[in-house]
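J.: Structure file run_28.txt (compact mmCIF, C-alpha atoms) right here:
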# COMPACT_ATOMS: atom_id res chain seq x y z
CA MET A 243 12.20 10.14 30.97
CA GLN A 244 12.61 6.55 32.15
CA SER A 245 15.56 4.53 30.90
CA ILE A 246 15.18 1.69 28.41
CA ASN A 247 15.44 -1.88 29.66
CA LEU A 248 17.89 -3.28 27.13
CA GLN A 249 17.78 -6.78 28.62
CA LEU A 250 14.02 -7.03 28.14
CA ALA A 251 14.39 -5.54 24.67
CA SER A 252 16.85 -8.31 23.76
CA TYR A 253 14.34 -10.92 24.96
CA SER A 254 11.76 -9.24 22.74
CA ASP A 255 14.02 -9.57 19.71
CA LEU A 256 14.72 -13.22 20.53
CA PHE A 257 11.05 -14.14 20.92
CA MET A 258 10.21 -12.20 17.76
CA LEU A 259 12.67 -14.38 15.84
CA ILE A 260 11.32 -17.59 17.38
CA ALA A 261 7.75 -16.53 16.57
CA ALA A 262 8.75 -15.89 12.94
CA LEU A 263 10.25 -19.38 12.69
CA VAL A 264 7.12 -20.99 14.13
CA TYR A 265 4.96 -18.97 11.70
CA ALA A 266 7.12 -20.31 8.88
CA ALA A 267 6.58 -23.86 10.16
CA ALA A 268 2.82 -23.25 10.28
CA PHE A 269 2.94 -21.99 6.69
CA ILE A 270 4.76 -25.15 5.57
CA VAL A 271 2.26 -27.43 7.33
CA PHE A 272 -0.68 -25.50 5.88
CA ALA A 273 0.91 -25.91 2.44
CA ILE A 274 1.23 -29.66 3.06
CA ASP A 275 -2.46 -29.78 3.96
CA MET A 276 -3.25 -28.00 0.70
CA ALA A 277 -1.03 -30.37 -1.28
CA THR A 278 -2.72 -33.44 0.25
CA SER A 279 -6.24 -32.09 -0.18
CA SER A 280 -7.18 -34.94 -2.56
CA LYS A 281 -6.98 -37.44 0.31
CA THR A 282 -9.12 -35.18 2.52
CA ILE A 283 -11.66 -34.81 -0.27
CA ARG A 284 -11.98 -38.58 -0.71
CA ILE A 285 -12.60 -39.04 3.02
CA LEU A 286 -15.21 -36.27 3.04
CA GLU A 287 -16.95 -37.76 0.02
CA ALA A 288 -17.15 -41.15 1.75
CA GLU A 289 -18.60 -39.55 4.88
CA LEU A 290 -21.16 -37.56 2.88
CA ALA A 291 -22.16 -40.68 0.93
CA ALA A 292 -22.65 -42.62 4.19
CA GLU A 293 -24.70 -39.81 5.70
CA SER A 294 -26.80 -39.56 2.53
CA GLY A 295 -27.43 -43.31 2.52
CA ALA A 296 -28.42 -43.36 6.19
CA SER A 297 -30.75 -40.41 5.68
CA GLY A 298 -32.30 -42.10 2.64
CA ASP A 299 -32.91 -45.34 4.60
CA ALA A 300 -34.56 -43.42 7.44
CA SER A 301 -36.78 -41.55 4.99
CA ALA A 302 -37.80 -44.80 3.29
CA ALA A 303 -38.67 -46.41 6.64
CA ALA A 304 -40.81 -43.43 7.64
CA GLN A 305 -42.70 -43.45 4.34
CA ARG A 306 -43.28 -47.22 4.57
CA ARG A 307 -44.69 -46.84 8.07
CA GLU A 308 -47.07 -44.13 6.84
CA GLN A 309 -48.27 -46.45 4.08
CA LEU A 310 -48.86 -49.32 6.53
CA VAL A 311 -50.78 -47.03 8.90
CA GLY A 312 -52.95 -45.87 6.02
CA ALA A 313 -53.64 -49.49 5.05
CA GLY A 314 -54.58 -50.42 8.63
CA VAL A 315 -51.88 -53.09 8.86
CA VAL A 316 -49.47 -51.36 11.23
CA GLY A 317 -47.98 -53.87 13.58
CA GLN A 318 -48.71 -56.72 11.12
CA GLU A 319 -46.30 -58.49 8.80
CA PRO A 320 -46.80 -57.48 5.20
CA ALA A 321 -48.52 -60.07 3.07
CA ALA A 322 -46.32 -62.40 1.10
CA GLY A 323 -45.77 -61.24 -2.41
CA SER A 324 -46.80 -57.69 -1.63
CA SER A 325 -44.93 -55.33 -3.86
CA ALA A 326 -45.25 -52.08 -1.95
CA THR A 327 -41.96 -50.35 -2.57
CA VAL A 328 -40.81 -46.99 -1.33
CA THR A 329 -38.21 -44.89 -3.01
CA GLY A 330 -36.11 -42.87 -0.61
CA ARG A 331 -33.85 -39.93 -1.29
CA GLY A 332 -31.18 -42.27 -2.59
CA GLY A 333 -33.47 -43.42 -5.40
CA THR A 334 -34.41 -40.06 -6.83
CA GLY A 335 -31.48 -39.96 -9.19
CA GLU A 336 -29.88 -37.05 -7.36
CA LYS A 337 -26.10 -37.07 -7.12
CA THR A 338 -24.62 -37.75 -3.73
CA GLY A 339 -21.41 -36.17 -2.45
CA ALA A 340 -19.44 -39.17 -3.68
CA GLU A 341 -21.00 -39.09 -7.14
CA ASN A 342 -20.60 -35.41 -7.83
CA THR A 343 -16.83 -35.06 -7.87
CA ASP A 344 -16.89 -31.35 -8.64
CA GLN A 345 -19.20 -30.01 -5.93
CA ASN A 346 -17.75 -27.96 -3.08
CA LEU A 347 -17.44 -29.74 0.24
CA VAL A 348 -18.30 -26.66 2.33
CA ASP A 349 -21.54 -24.74 2.74
CA GLU A 350 -22.27 -21.07 2.35
CA ASP A 351 -21.75 -20.46 6.09
CA MET A 352 -18.15 -21.73 5.91
CA ALA A 353 -18.87 -24.80 8.03
CA TYR A 354 -17.21 -27.94 6.69
CA LEU A 355 -19.37 -30.97 6.04
CA GLY A 356 -18.38 -34.33 7.47
CA THR A 357 -16.27 -35.04 10.52
CA THR A 358 -12.80 -35.30 8.95
CA ARG A 359 -10.26 -33.71 11.28
CA ARG A 360 -7.55 -32.83 8.74
CA PRO A 361 -4.58 -33.50 11.07
CA ALA A 362 -2.09 -31.44 9.04
CA ALA A 363 -4.33 -28.36 9.14
CA ASN A 364 -4.96 -28.86 12.85
CA VAL A 365 -1.23 -29.08 13.54
CA ALA A 366 -0.75 -25.87 11.56
CA VAL A 367 -3.45 -24.13 13.61
CA ALA A 368 -1.76 -25.30 16.82
CA LEU A 369 1.53 -23.87 15.56
CA MET A 370 -0.24 -20.59 14.80
CA VAL A 371 -1.55 -20.45 18.37
CA ILE A 372 1.95 -21.06 19.78
CA SER A 373 3.50 -18.45 17.49
CA VAL A 374 0.84 -15.86 18.41
CA LEU A 375 1.61 -16.38 22.12
CA LEU A 376 5.35 -15.99 21.49
CA HIS A 377 4.72 -13.02 19.23
CA ALA A 378 2.44 -11.32 21.78
CA PHE A 379 5.14 -11.65 24.45
CA ALA A 380 7.71 -10.14 22.08
CA VAL A 381 5.50 -7.17 21.22
CA ILE A 382 4.49 -6.51 24.84
CA ALA A 383 8.08 -6.87 26.04
CA ARG A 384 9.27 -4.30 23.51
CA GLY A 385 6.68 -1.82 24.71
CA VAL A 386 7.41 -2.44 28.39
CA SER A 387 11.17 -2.15 27.85
CA ALA A 388 10.73 1.40 26.52
CA ASN A 389 7.71 2.32 28.71
CA ARG A 390 5.51 3.14 25.73
CA VAL A 391 3.20 1.57 23.15
CA PRO A 392 4.99 -0.89 20.83
CA TRP A 393 4.10 0.78 17.52
CA GLY A 394 6.26 3.89 17.32
CA ASN A 395 8.06 3.11 14.03
CA MET A 396 7.71 0.95 10.91
CA TYR A 397 9.35 -2.08 12.49
CA GLU A 398 6.95 -2.02 15.43
CA PHE A 399 3.91 -1.19 13.31
CA CYS A 400 4.70 -4.13 11.02
CA THR A 401 5.27 -6.62 13.84
CA THR A 402 2.16 -5.48 15.70
CA GLY A 403 0.18 -5.65 12.46
CA ALA A 404 1.40 -9.20 11.82
CA LEU A 405 0.34 -10.17 15.35
CA LEU A 406 -3.14 -8.79 14.82
CA VAL A 407 -3.52 -10.50 11.43
CA ALA A 408 -2.72 -13.86 13.03
CA ALA A 409 -4.82 -13.17 16.14
CA VAL A 410 -7.87 -12.04 14.17
CA TYR A 411 -7.59 -15.14 11.99
CA LEU A 412 -7.52 -17.41 15.04
CA LEU A 413 -10.48 -15.57 16.57
CA PHE A 414 -12.50 -16.17 13.40
CA LEU A 415 -11.52 -19.84 13.56
CA ILE A 416 -13.44 -20.16 16.83
CA ARG A 417 -16.74 -19.59 15.00
CA LYS A 418 -15.92 -20.32 11.35
CA ASP A 419 -13.75 -22.97 9.75
CA LEU A 420 -11.29 -20.81 7.85
CA ARG A 421 -8.51 -23.36 7.58
CA PHE A 422 -8.64 -22.91 3.81
CA LEU A 423 -7.18 -19.42 4.43
CA GLY A 424 -4.34 -20.75 6.57
CA THR A 425 -1.70 -20.88 3.84
CA PHE A 426 -2.45 -17.32 2.74
CA VAL A 427 -2.68 -15.83 6.24
CA SER A 428 0.43 -17.56 7.60
CA GLY A 429 2.29 -16.63 4.40
CA LEU A 430 1.27 -12.97 4.79
CA VAL A 431 2.40 -12.98 8.43
CA VAL A 432 5.77 -14.50 7.49
CA VAL A 433 6.26 -11.83 4.81
CA MET A 434 5.40 -9.07 7.31
CA MET A 435 7.81 -10.47 9.90
CA CYS A 436 10.59 -10.73 7.31
CA ALA A 437 9.87 -7.20 6.10
CA ALA A 438 10.05 -5.86 9.65
CA THR A 439 13.27 -7.72 10.48
CA MET A 440 15.16 -7.25 7.21
CA GLY A 441 13.54 -4.18 5.68
CA PHE A 442 12.82 -1.97 8.69
CA PRO A 443 15.23 -2.99 11.50
CA THR A 444 15.02 -0.36 14.22
CA PRO A 445 16.82 -0.36 17.59
CA ILE A 446 14.65 0.20 20.62
CA ALA A 447 14.34 3.90 21.51
CA HIS A 448 11.99 6.45 23.00
CA LEU A 449 9.24 7.98 20.88
CA GLN A 450 9.90 11.09 18.87
CA PRO A 451 8.44 14.23 20.52
CA ALA A 452 5.58 14.55 18.01
CA LEU A 453 4.46 11.00 18.78
CA GLN A 454 4.39 11.44 22.55
CA SER A 455 0.64 11.86 22.70
CA PRO A 456 -2.31 9.79 23.95
CA TRP A 457 -3.60 9.83 20.38
CA ILE A 458 -0.93 7.33 19.33
CA VAL A 459 -2.75 4.71 21.38
CA ILE A 460 -6.11 5.46 19.76
CA HIS A 461 -5.16 6.42 16.21
CA VAL A 462 -2.47 3.83 15.46
CA SER A 463 -4.07 0.85 17.25
CA VAL A 464 -7.30 1.21 15.26
CA ALA A 465 -5.31 1.67 12.05
CA VAL A 466 -3.37 -1.55 12.72
CA LEU A 467 -6.58 -3.50 13.43
CA ALA A 468 -8.25 -2.15 10.28
CA SER A 469 -5.18 -3.11 8.26
CA ALA A 470 -5.36 -6.65 9.66
CA LEU A 471 -9.00 -6.96 8.56
CA PHE A 472 -8.18 -5.62 5.10
CA GLY A 473 -5.37 -8.18 4.85
CA LEU A 474 -7.80 -11.02 5.56
CA THR A 475 -10.31 -9.77 2.99
CA CYS A 476 -7.55 -9.41 0.40
CA ALA A 477 -6.72 -13.11 0.83
CA MET A 478 -10.42 -13.97 0.57
CA SER A 479 -10.74 -11.88 -2.59
CA VAL A 480 -7.82 -13.71 -4.21
CA LEU A 481 -9.51 -17.03 -3.43
CA GLN A 482 -12.77 -15.61 -4.74
CA LEU A 483 -11.18 -14.91 -8.11
CA LEU A 484 -9.75 -18.43 -8.27
CA GLN A 485 -13.05 -20.00 -7.23
CA HIS A 486 -15.03 -17.89 -9.71
CA ARG A 487 -12.86 -19.11 -12.59
CA ARG A 488 -13.19 -22.71 -11.39
CA GLU A 489 -16.98 -22.40 -11.20
CA ALA A 490 -17.06 -20.88 -14.68
CA ARG A 491 -15.11 -23.86 -16.06
CA LEU A 492 -17.52 -26.27 -14.37
CA ARG A 493 -20.53 -24.53 -15.94
CA THR A 494 -19.02 -25.08 -19.37
CA GLY A 495 -18.23 -28.75 -18.71
CA GLY A 496 -14.56 -28.23 -17.85
CA GLU A 497 -12.54 -29.68 -15.01
CA GLY A 498 -12.87 -28.35 -11.47
CA LYS A 499 -9.15 -27.87 -10.92
CA PRO A 500 -7.35 -27.31 -8.62
CA ALA A 501 -8.83 -29.94 -6.32
CA PHE A 502 -8.04 -27.89 -3.21
CA MET A 503 -10.70 -25.36 -4.21
CA ARG A 504 -13.39 -27.93 -3.36
CA LEU A 505 -12.47 -27.27 0.28
CA VAL A 506 -13.04 -23.54 -0.25
CA PRO A 507 -16.52 -21.94 -0.06
CA SER A 508 -18.21 -20.73 -3.22
CA ALA A 509 -17.16 -17.45 -4.80
CA PHE A 510 -20.52 -15.99 -3.77
CA SER A 511 -19.97 -16.92 -0.12
CA LEU A 512 -16.40 -15.59 -0.13
CA GLU A 513 -17.61 -12.32 -1.61
CA ASN A 514 -20.34 -11.90 1.00
CA TRP A 515 -18.01 -12.51 3.92
CA SER A 516 -15.34 -10.27 2.42
CA TYR A 517 -17.92 -7.51 2.05
CA ARG A 518 -18.99 -7.81 5.70
CA ILE A 519 -15.44 -7.73 7.03
CA ASN A 520 -14.49 -4.86 4.73
CA ALA A 521 -17.46 -2.90 6.05
CA VAL A 522 -16.13 -3.28 9.61
CA GLY A 523 -12.61 -2.39 8.49
CA PHE A 524 -13.92 0.67 6.63
CA VAL A 525 -15.59 1.99 9.80
CA MET A 526 -12.29 1.58 11.64
CA TRP A 527 -10.35 3.28 8.85
CA THR A 528 -12.83 6.17 8.89
CA PHE A 529 -12.19 6.56 12.61
CA THR A 530 -8.44 6.42 11.89
CA LEU A 531 -8.79 9.29 9.42
CA ILE A 532 -10.83 11.41 11.84
CA ALA A 533 -8.59 10.66 14.82
CA GLY A 534 -5.53 11.51 12.74
CA ALA A 535 -7.02 14.88 11.82
CA ILE A 536 -7.73 15.68 15.48
CA TRP A 537 -4.19 14.65 16.44
CA ALA A 538 -2.77 16.79 13.61
CA GLU A 539 -4.63 19.83 14.92
CA ALA A 540 -3.27 19.22 18.41
CA ALA A 541 0.31 18.70 17.14
CA TRP A 542 0.60 21.15 14.23
CA GLY A 543 -2.35 23.50 14.60
CA ARG A 544 -4.30 22.31 11.53
CA TYR A 545 -6.61 19.38 10.79
CA TRP A 546 -5.49 18.78 7.21
CA GLY A 547 -2.37 19.84 5.35
CA TRP A 548 -2.24 17.59 2.26
CA ASP A 549 0.81 15.82 3.61
CA THR A 550 1.69 12.75 1.52
CA LYS A 551 0.70 10.35 4.29
CA GLU A 552 -2.60 12.15 4.81
CA VAL A 553 -3.37 12.04 1.09
CA TRP A 554 -2.73 8.31 0.79
CA THR A 555 -4.73 7.56 3.92
CA PHE A 556 -7.59 9.40 2.25
CA VAL A 557 -6.99 7.51 -1.03
CA ILE A 558 -7.36 4.22 0.82
CA TRP A 559 -10.59 5.47 2.39
CA VAL A 560 -11.92 6.47 -1.05
CA VAL A 561 -11.08 3.07 -2.58
CA TYR A 562 -12.90 1.13 0.14
CA ALA A 563 -15.78 3.61 0.15
CA GLY A 564 -16.07 3.09 -3.60
CA TYR A 565 -15.96 -0.68 -3.10
CA LEU A 566 -18.79 -0.63 -0.55
CA HIS A 567 -20.88 1.84 -2.56
CA ALA A 568 -20.40 0.10 -5.90
CA ARG A 569 -21.31 -3.29 -4.49
CA ALA A 570 -24.29 -2.08 -2.47
CA THR A 571 -25.90 0.27 -4.99
CA ARG A 572 -24.39 -0.33 -8.43
CA GLY A 573 -24.38 -4.12 -8.47
CA TRP A 574 -20.59 -4.43 -8.68
CA THR A 575 -20.28 -8.05 -7.66
CA GLY A 576 -18.04 -10.93 -8.63
CA ASP A 577 -14.60 -10.20 -10.05
CA ARG A 578 -15.01 -6.42 -10.03
CA ALA A 579 -15.73 -6.33 -6.30
CA ALA A 580 -12.81 -8.69 -5.60
CA TRP A 581 -10.39 -6.56 -7.60
CA LEU A 582 -11.49 -3.38 -5.78
CA SER A 583 -10.80 -5.09 -2.45
CA ILE A 584 -7.36 -6.19 -3.65
CA ILE A 585 -6.57 -2.70 -4.98
CA GLY A 586 -7.56 -1.19 -1.64
CA PHE A 587 -5.12 -3.43 0.22
CA ALA A 588 -2.41 -2.72 -2.38
CA CYS A 589 -2.88 1.01 -1.70
CA LEU A 590 -2.53 0.32 2.03
CA VAL A 591 0.73 -1.59 1.47
CA PHE A 592 2.02 1.21 -0.78
CA ASN A 593 1.15 3.78 1.88
CA PHE A 594 2.96 1.85 4.58
CA THR A 595 6.10 0.94 2.62
CA ILE A 596 6.79 3.38 -0.23
CA VAL A 597 5.21 6.52 1.22
CA ASN A 598 6.75 6.05 4.67
CA THR A 599 10.18 5.33 3.21
CA TYR A 600 10.59 7.57 0.17
CA PHE A 601 8.19 10.51 0.58
CA PRO A 602 9.36 13.06 3.14
CA GLY A 603 6.74 14.83 5.18
CA LEU A 604 5.43 15.54 8.64
CA HIS A 605 4.61 11.82 9.03
CA SER A 606 8.19 10.63 8.40
CA TYR A 607 8.47 8.46 11.48
CA ALA A 608 9.82 5.29 9.88
CA GLY A 609 12.65 5.16 12.39
CA ILE A 610 14.90 3.32 9.92
CA PRO A 611 18.58 4.01 10.65
CA GLU A 612 20.33 6.06 7.97
Take the structure in the file and give it back as structure tokens.
T.:
Amino acid sequence: MQSINLQLASYSDLFMLIAALVYAAAFIVFAIDMATSSKTIRILEAELAAESGASGDASAAAQRREQLVGAGVVGQEPAAGSSATVTGRGGTGEKTGAENTDQNLVDEDMAYLGTTRRPAANVAVALMVISVLLHAFAVIARGVSANRVPWGNMYEFCTTGALLVAAVYLLFLIRKDLRFLGTFVSGLVVVMMCAATMGFPTPIAHLQPALQSPWIVIHVSVAVLASALFGLTCAMSVLQLLQHRREARLRTGGEGKPAFMRLVPSAFSLENWSYRINAVGFVMWTFTLIAGAIWAEAAWGRYWGWDTKEVWTFVIWVVYAGYLHARATRGWTGDRAAWLSIIGFACLVFNFTIVNTYFPGLHSYAGIPE
């Protein structure tokens, strides 16, 4: 067995700490962007009003030209005193973005309207990119220093999971504007990094004999990625609940507070996207369950033994299966679907923290020093 590179492992710990600090800075900047959302909303409203006015003028000009062509006077000056008037979109009595102060400023496809750049949010995203690069180096260095995959205990699983949560979020940002999730995602990553560092500190070491199998690459990596997706959908479900209550107040003539929620998609849109991502995560978790059973047969000679970890992995699968089934066939939408998604992630957190720490079994590989 190859020796451990303690020097590289120390660099891993250092870069892990730096990455955590940069994540914390990103969280603070995202929070500042949320706190100053009123200014962003005013700028967006002005842009939407200008776009609406320009579109209305163009529509009016087109309709006037059609009328002149029909009258056979195209190319001629209209007669003095003529009273042909055309009402464009701005004269229909519809509310523009600046007039309707309670409408959302995003569409159902999570693409922001207007051209406002939101400098604070952009700085936070840049900090997230820097922290992910630092974090990735730390995780890879830890694996290289021990000549194995960097998820052999709770500390490594938590740090790798935090990396994937941040990386998946940034990948989604390439196609969708999810800056409204930034505070929640960066906050979750900071909590995971703190939990790993303070709750599950584990010195670098070789894998336990039972974990020295190719299945650790397949089984655990897919489980970490599925957990990252479930973490994102949990944040979206929390926002869905907040947005649903805001929309309900608006329907009854109440105030659309908090103002930040105008920069968040509708509850319906959040629910749809959460459902899609949960469906992908559920497929991955199903594979995790199957791969774990195959690995268990290779390691212990049986596919299923009702070990505590196995039971809770199955419980998580049942919760998300129930969520997908209830929403697709039973019409469980709105708050009920959001709460099922949140409960599923809560079960996952319980499985990772409480079960791994306090329930002895064949899967007791927390690696936490006594």
J.: Find, counting all atoms listed in the file, the residue in A:His377, A:Cys400, A:Met503, A:Tyr517 that gets nearest to Leu430 (chain A).
T.: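 Counting all atoms listed in the file, the residue closest to Leu430 (chain A) is A:Cys400.
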J.: Please determine the residues with any atom at most 10 Å from (-6.8, -12.9, -1.2) (coordinates as given in the file, with only C-alpha atoms counting) and report them as a PyMOL selection string.
T.: chain A and resi 423+426-427+472-484+516+580-581+583-584+587
J.: Counting all atoms listed in the file, figure out which residue out of A:Asn395, A:Thr439, A:Thr425, A:Gln249 gets nearest to Ala262 (chain A).
T.: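 Of A:Asn395, A:Thr439, A:Thr425, A:Gln249, the one nearest Ala262 (chain A), counting all atoms listed in the file, is A:Thr439.
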J.: Looking at only C-alpha atoms, which of A:Val391, A:Ile460, A:Leu376, A:Leu467 is the one that sits closest to Gly403 (chain A)?
T.: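 Checking each of A:Val391, A:Ile460, A:Leu376, A:Leu467 against Gly403 (chain A), counting only C-alpha atoms, the winner is A:Leu467.
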J.: If you measure from CA of Leu471 (chain A) to CA of Leu590 (chain A), what distance in Å do you get, rounded to one decimal?
T.: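 CA of Leu590 (chain A) lies at a distance of 11.7 Å from CA of Leu471 (chain A).
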J.: Which residue out of A:Ser254, A:Ser469, A:Gln244, A:Thr401 has the minimum interatomic distance to Ile446 (chain A) when only C-alpha atoms are used?
T.: A:Ser254
